[in-house]
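*Asks:* The following block contains the structure, expressed as structure tokens.
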Amino acid sequence: MAGTPTSLRLHISFFGRRNVGKSSLVNALTGQAVALVSPVPGTTTDPVQRAMELKPLGPVVLIDTAGLDDEGELGRLRVERTRQVLDRTDLAVVVLECGQEPGELEQSLVRALKARRIPAVGAVNKADLDPAAAARQAAACSKRFGFPFVPTSATGSPGVELLRQAIIDQAPGDRQQIPLLADLIRPGDLVVLVVPIDSGAPKGRLILPQVQAIREILDAGGTALVVRDRDLRKVLEQLPDRPALVVTDSQVFARVDADTPPEIPLTSFSILMARHKGDLREMVEGARAIASLRPGDRVLIAEACTHHRQPDDIATVKIPRWLRSHVGGDLEFEWARGREMPPDLGRYRLIIHCGGCMINRRLMVSRIRRARAAGVPIVNYGICIAYLMGVLPRALSPFRDLEVSGL
């Protein structure tokens with residue numbers, strides 16, 4: 001559980017005004033002083049997160065946010081960061097103080113939660129000051145907002161057990177329903193994973209999608225065979241039976257396509273991630289926009305994580321080079337890294353996103369929705385590269401329910 005990546009954890013975020021006790025509740029739930037606690041309003045500035053195991057849900061991450069009523073220019077920026085946390089929230093905890101009447105700030109927050117279909121629970125905190133009043137307030141807020149509120153206290157009775165149980169009861173159960181590849185194979189199948197070992201490969205380890213693929217293959221009763229791209233042809237020739245599937249790193253799509261017989265299904269880790277974390281159909285449709293790119297168009301390349309740049313970096317070197325060659329001229333590239341995206345996506349002709357292995361599905365889907373609302377096509381690295389290499393129809397062949405034409 002301790003080693004579970006943040007992107008695979010249920011994200012539980014705490015929202016409310018300053019000094020209502022959000023940080024105290026986070027500390028009480030984790031059993032540790034994760035968030036700084038002070039009677040001074042505005043102690044929490046940027047979102048603070050803590051990974052833990054919450055039985056029976058499993059690995060979760062708790063996110064403590066700045067107060068919705070923060071003031072001043074810095075306060076406005078803090079509130080904006082708090083609002084951005086909504087994009088990666090799987091379950092929200094709305095915290096009120098005992099005796100505090102919900103106002104427009106809370107109503108606006110609840111509207112945003114419902115618009116995003118984020119399940120929520122409420123906490124009437126500091127209930128130890130007046131347990132009867134807190135119970136009445138929790139009942140009234142439950143009826144008013146349409147999700148359960150519970151009286152709670154980080155220091156005394158009724159404690160945090162009611163809140164813990166409410167979180168367990170309201171937690172979404174379908175956040176990981178879309179597998180990476182387990183539904184594409186059967187027990188006994190052999191899956192060949194093509195993993196280049198080059199300057200971009202992390203030293204001494206595999207990247208997360210490769211590890212996830214191996215685990216899902218084993219869980220499905222299959223066999224995973226991991227090879228380097230330059231060894232693939234020889235390995236396939238030596239196998240007594242053909243594999244059920246070949247999965248490759250997108251950067252070597254052209255070579256792997258040439259070395260893999262046409263009767264063997266082929267796709268990439270990144271394309272699997274497009275389905276697992278986002279919306280494969282919409283990203284495939286976004287690939288059509290590549291054909292209409294013209295020199296001078298503005299393209300956003302979005303990476304969900306930050307890492308040391310290699311001389312032949314996929315985001316800053318390879319994809320721009322391949323796209324310039326495709327359009328026959330220069331393009332205007334911009335890059336977004338980490339959890340933040342530019343506010344005005346309408347300025348771009350195309351968004352090319354990484355596989356999203358370091359963010360949760362909720363945030364990836366939120367970014368796709370933002371692109372759709374702005375009228376901007378979005379693809380991910382694997383789909384973009386497969387299109388540019390002329391192998392996208394083949395790379396989509398394992399997904400039998402995906403009907404595509406003109407690609």
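Labels for the structure tokens follow display order: chains A, B, ..., residues from 1 in each chain, ligands from 1.
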Counting only C-alpha atoms, which residues of region 85-112 of chain A sit at most 9 Å from some atom of region 58-73 of chain A, and what is each one's closest atom pair with its distance in Å to one decimal, listed by chain and rising residue number, as JSON lines?

*Replies:*
```
{"residue": "A:Val85", "atom": "CA", "partner": "A:Thr65", "partner_atom": "CA", "distance": 8.1}
{"residue": "A:Thr89", "atom": "CA", "partner": "A:Ile63", "partner_atom": "CA", "distance": 8.7}
{"residue": "A:Leu105", "atom": "CA", "partner": "A:Leu68", "partner_atom": "CA", "distance": 6.8}
{"residue": "A:Glu106", "atom": "CA", "partner": "A:Leu68", "partner_atom": "CA", "distance": 8.4}
{"residue": "A:Leu109", "atom": "CA", "partner": "A:Leu68", "partner_atom": "CA", "distance": 8.9}
```

*Asks:* From region 33-241 of chain A, collect each residue whose DSSP state is strand (DSSP E or B) and return the set as a PyMOL selection string.

*Replies:* chain A and resi 48-54+58-64+91-97+120-125+149-151+190-194+223-227

*Asks:* Okay, now the selection with C-alpha atoms, as an mmCIF file, in the first residue's frame?

*Replies:*
```cif
data_model
loop_
_atom_site.group_PDB
_atom_site.id
_atom_site.type_symbol
_atom_site.label_atom_id
_atom_site.label_comp_id
_atom_site.auth_asym_id
_atom_site.auth_seq_id
_atom_site.Cartn_x
_atom_site.Cartn_y
_atom_site.Cartn_z
ATOM 1 C CA VAL A 48 -1.254 19.617 1.137
ATOM 2 C CA GLN A 49 -1.659 15.913 0.441
ATOM 3 C CA ARG A 50 -1.024 12.738 2.390
ATOM 4 C CA ALA A 51 -1.108 9.163 1.117
ATOM 5 C CA MET A 52 -2.536 6.523 3.421
ATOM 6 C CA GLU A 53 -4.588 3.324 3.488
ATOM 7 C CA LEU A 54 -8.224 3.668 4.405
ATOM 8 C CA GLY A 58 -7.402 0.688 0.123
ATOM 9 C CA PRO A 59 -4.837 3.316 -0.927
ATOM 10 C CA VAL A 60 -6.115 6.900 -0.816
ATOM 11 C CA VAL A 61 -4.643 10.375 -0.789
ATOM 12 C CA LEU A 62 -6.116 13.092 1.438
ATOM 13 C CA ILE A 63 -5.850 16.668 0.132
ATOM 14 C CA ASP A 64 -6.111 19.634 2.501
ATOM 15 C CA LEU A 91 -14.603 12.384 -3.330
ATOM 16 C CA ALA A 92 -15.092 15.774 -1.656
ATOM 17 C CA VAL A 93 -15.454 16.494 2.050
ATOM 18 C CA VAL A 94 -17.276 19.791 2.659
ATOM 19 C CA VAL A 95 -16.371 21.079 6.117
ATOM 20 C CA LEU A 96 -18.539 23.481 8.108
ATOM 21 C CA GLU A 97 -18.032 24.734 11.657
ATOM 22 C CA ALA A 120 -19.393 14.283 -1.474
ATOM 23 C CA VAL A 121 -19.858 14.048 2.268
ATOM 24 C CA GLY A 122 -20.151 16.886 4.727
ATOM 25 C CA ALA A 123 -18.627 17.404 8.152
ATOM 26 C CA VAL A 124 -20.081 19.681 10.825
ATOM 27 C CA ASN A 125 -16.823 20.111 12.697
ATOM 28 C CA PHE A 149 -23.389 15.490 6.629
ATOM 29 C CA VAL A 150 -22.116 14.093 9.921
ATOM 30 C CA PRO A 151 -21.160 15.836 13.178
ATOM 31 C CA LEU A 190 1.157 -14.689 -24.170
ATOM 32 C CA VAL A 191 1.658 -10.917 -24.376
ATOM 33 C CA VAL A 192 4.935 -9.471 -25.651
ATOM 34 C CA LEU A 193 5.890 -6.102 -24.166
ATOM 35 C CA VAL A 194 8.445 -4.095 -26.154
ATOM 36 C CA THR A 223 2.233 -14.664 -19.518
ATOM 37 C CA ALA A 224 4.250 -11.475 -20.033
ATOM 38 C CA LEU A 225 7.389 -11.568 -22.165
ATOM 39 C CA VAL A 226 9.437 -8.354 -22.026
ATOM 40 C CA VAL A 227 11.904 -7.664 -24.864
#
```

*Asks:* Which polymer residues have any atom within 12 Å of an atom of Asp229 (chain A), counting only C-alpha atoms, with same-chain residues fewer than 3 positions away left out, as JSON, numbers by chain?

*Replies:* {"A": [192, 193, 194, 195, 196, 197, 198, 226, 232, 233, 234, 235, 236, 246, 247, 248, 249, 250, 251, 252, 253, 254, 255, 256, 257, 258, 259, 260]}

*Asks:* DSSP on the backbone: which residues in region 268-346 of chain A end up as helix (DSSP H, G or I)? Give the answer as an MDAnalysis selection string.

*Replies:* chainID A and resid 269:277 280:292 314:327 345:346

*Asks:* For each of A:Arg83, A:Arg294, A:Arg288, A:Arg186, take the minimum atom-to-atom distance to Leu392 (chain A), counting only C-alpha atoms, then give the residue where this is smallest.

*Replies:*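 Of A:Arg83, A:Arg294, A:Arg288, A:Arg186, the one nearest Leu392 (chain A), counting only C-alpha atoms, is A:Arg288.
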
*Asks:* Report, in Å with one decimal, the straight-line distance from CA of Arg321 (chain A) to CA of Leu345 (chain A).

*Replies:*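 These atoms are spaced 22.5 Å apart.
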
*Asks:* Kindly give the distance, in Å, that separates CA of Val211 (chain A) and CA of Ala287 (chain A), rounded to a single decimal.

*Replies:* 27.0 Å

*Asks:* If we count only C-alpha atoms and set the cut-off at 6 Å, which residues sit around region 324-336 of chain A, ignoring sequence neighbours fewer than 2 positions away in its own chain? Please answer as a list of chain:residue names.

*Replies:*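 Returned residues: A:Arg294, A:Pro295, A:Gly296, A:Asp297, A:Arg298, A:Val299, A:Leu300, A:Ile301, A:Ala302, A:Arg321, A:Trp322, A:Met341.
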
*Asks:* Once you have the residues from the selection above, write them out as a PDB file, in the first residue's frame, restricted to C-alpha atoms.

*Replies:*
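So the final result, stored in out.pdb, reads:
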```pdb
ATOM      1  CA  ARG A 294      -0.692  24.120 -41.162  1.00  0.00           C
ATOM      2  CA  PRO A 295       2.635  25.914 -40.618  1.00  0.00           C
ATOM      3  CA  GLY A 296       2.248  28.572 -37.942  1.00  0.00           C
ATOM      4  CA  ASP A 297      -0.517  26.780 -36.016  1.00  0.00           C
ATOM      5  CA  ARG A 298      -0.211  26.744 -32.241  1.00  0.00           C
ATOM      6  CA  VAL A 299       0.067  23.329 -30.558  1.00  0.00           C
ATOM      7  CA  LEU A 300       0.020  22.640 -26.805  1.00  0.00           C
ATOM      8  CA  ILE A 301       2.031  19.665 -25.544  1.00  0.00           C
ATOM      9  CA  ALA A 302       0.924  18.745 -22.020  1.00  0.00           C
ATOM     10  CA  ARG A 321      10.247  17.222 -35.112  1.00  0.00           C
ATOM     11  CA  TRP A 322       7.784  14.644 -36.451  1.00  0.00           C
ATOM     12  CA  MET A 341      -3.055  23.755 -17.841  1.00  0.00           C
TER      13      MET A 341
END
```

*Asks:* Please list as a VMD selection string every residue within 12 Å of His276 (chain A), counting only C-alpha atoms and excluding residues in the same chain fewer than 6 positions away.

*Replies:* chain A and resid 7 to 8 175 to 183 209 212 to 213 269 to 270 355 to 357 359 to 362 364 to 365

*Asks:* Can you pull out every residue within 9 Å of Glu340 (chain A), counting only C-alpha atoms, but drop anything in the same chain fewer than 3 positions away, and send it as number ranges by chain?

*Replies:* A: 84, 304, 336-337, 343

*Asks:* Give the answer as one residue: which of A:Pro377, A:Pro240, A:Gly346, A:Pro148 has the shortest atom-to-atom distance to Glu285 (chain A), using only C-alpha atoms?

*Replies:* A:Pro377

*Asks:* One number please: CA of Leu163 (chain A) to CA of Arg18 (chain A), in Å, one decimal.

*Replies:*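 Answer for the CA of Leu163 (chain A) to CA of Arg18 (chain A) separation: 19.4 Å.
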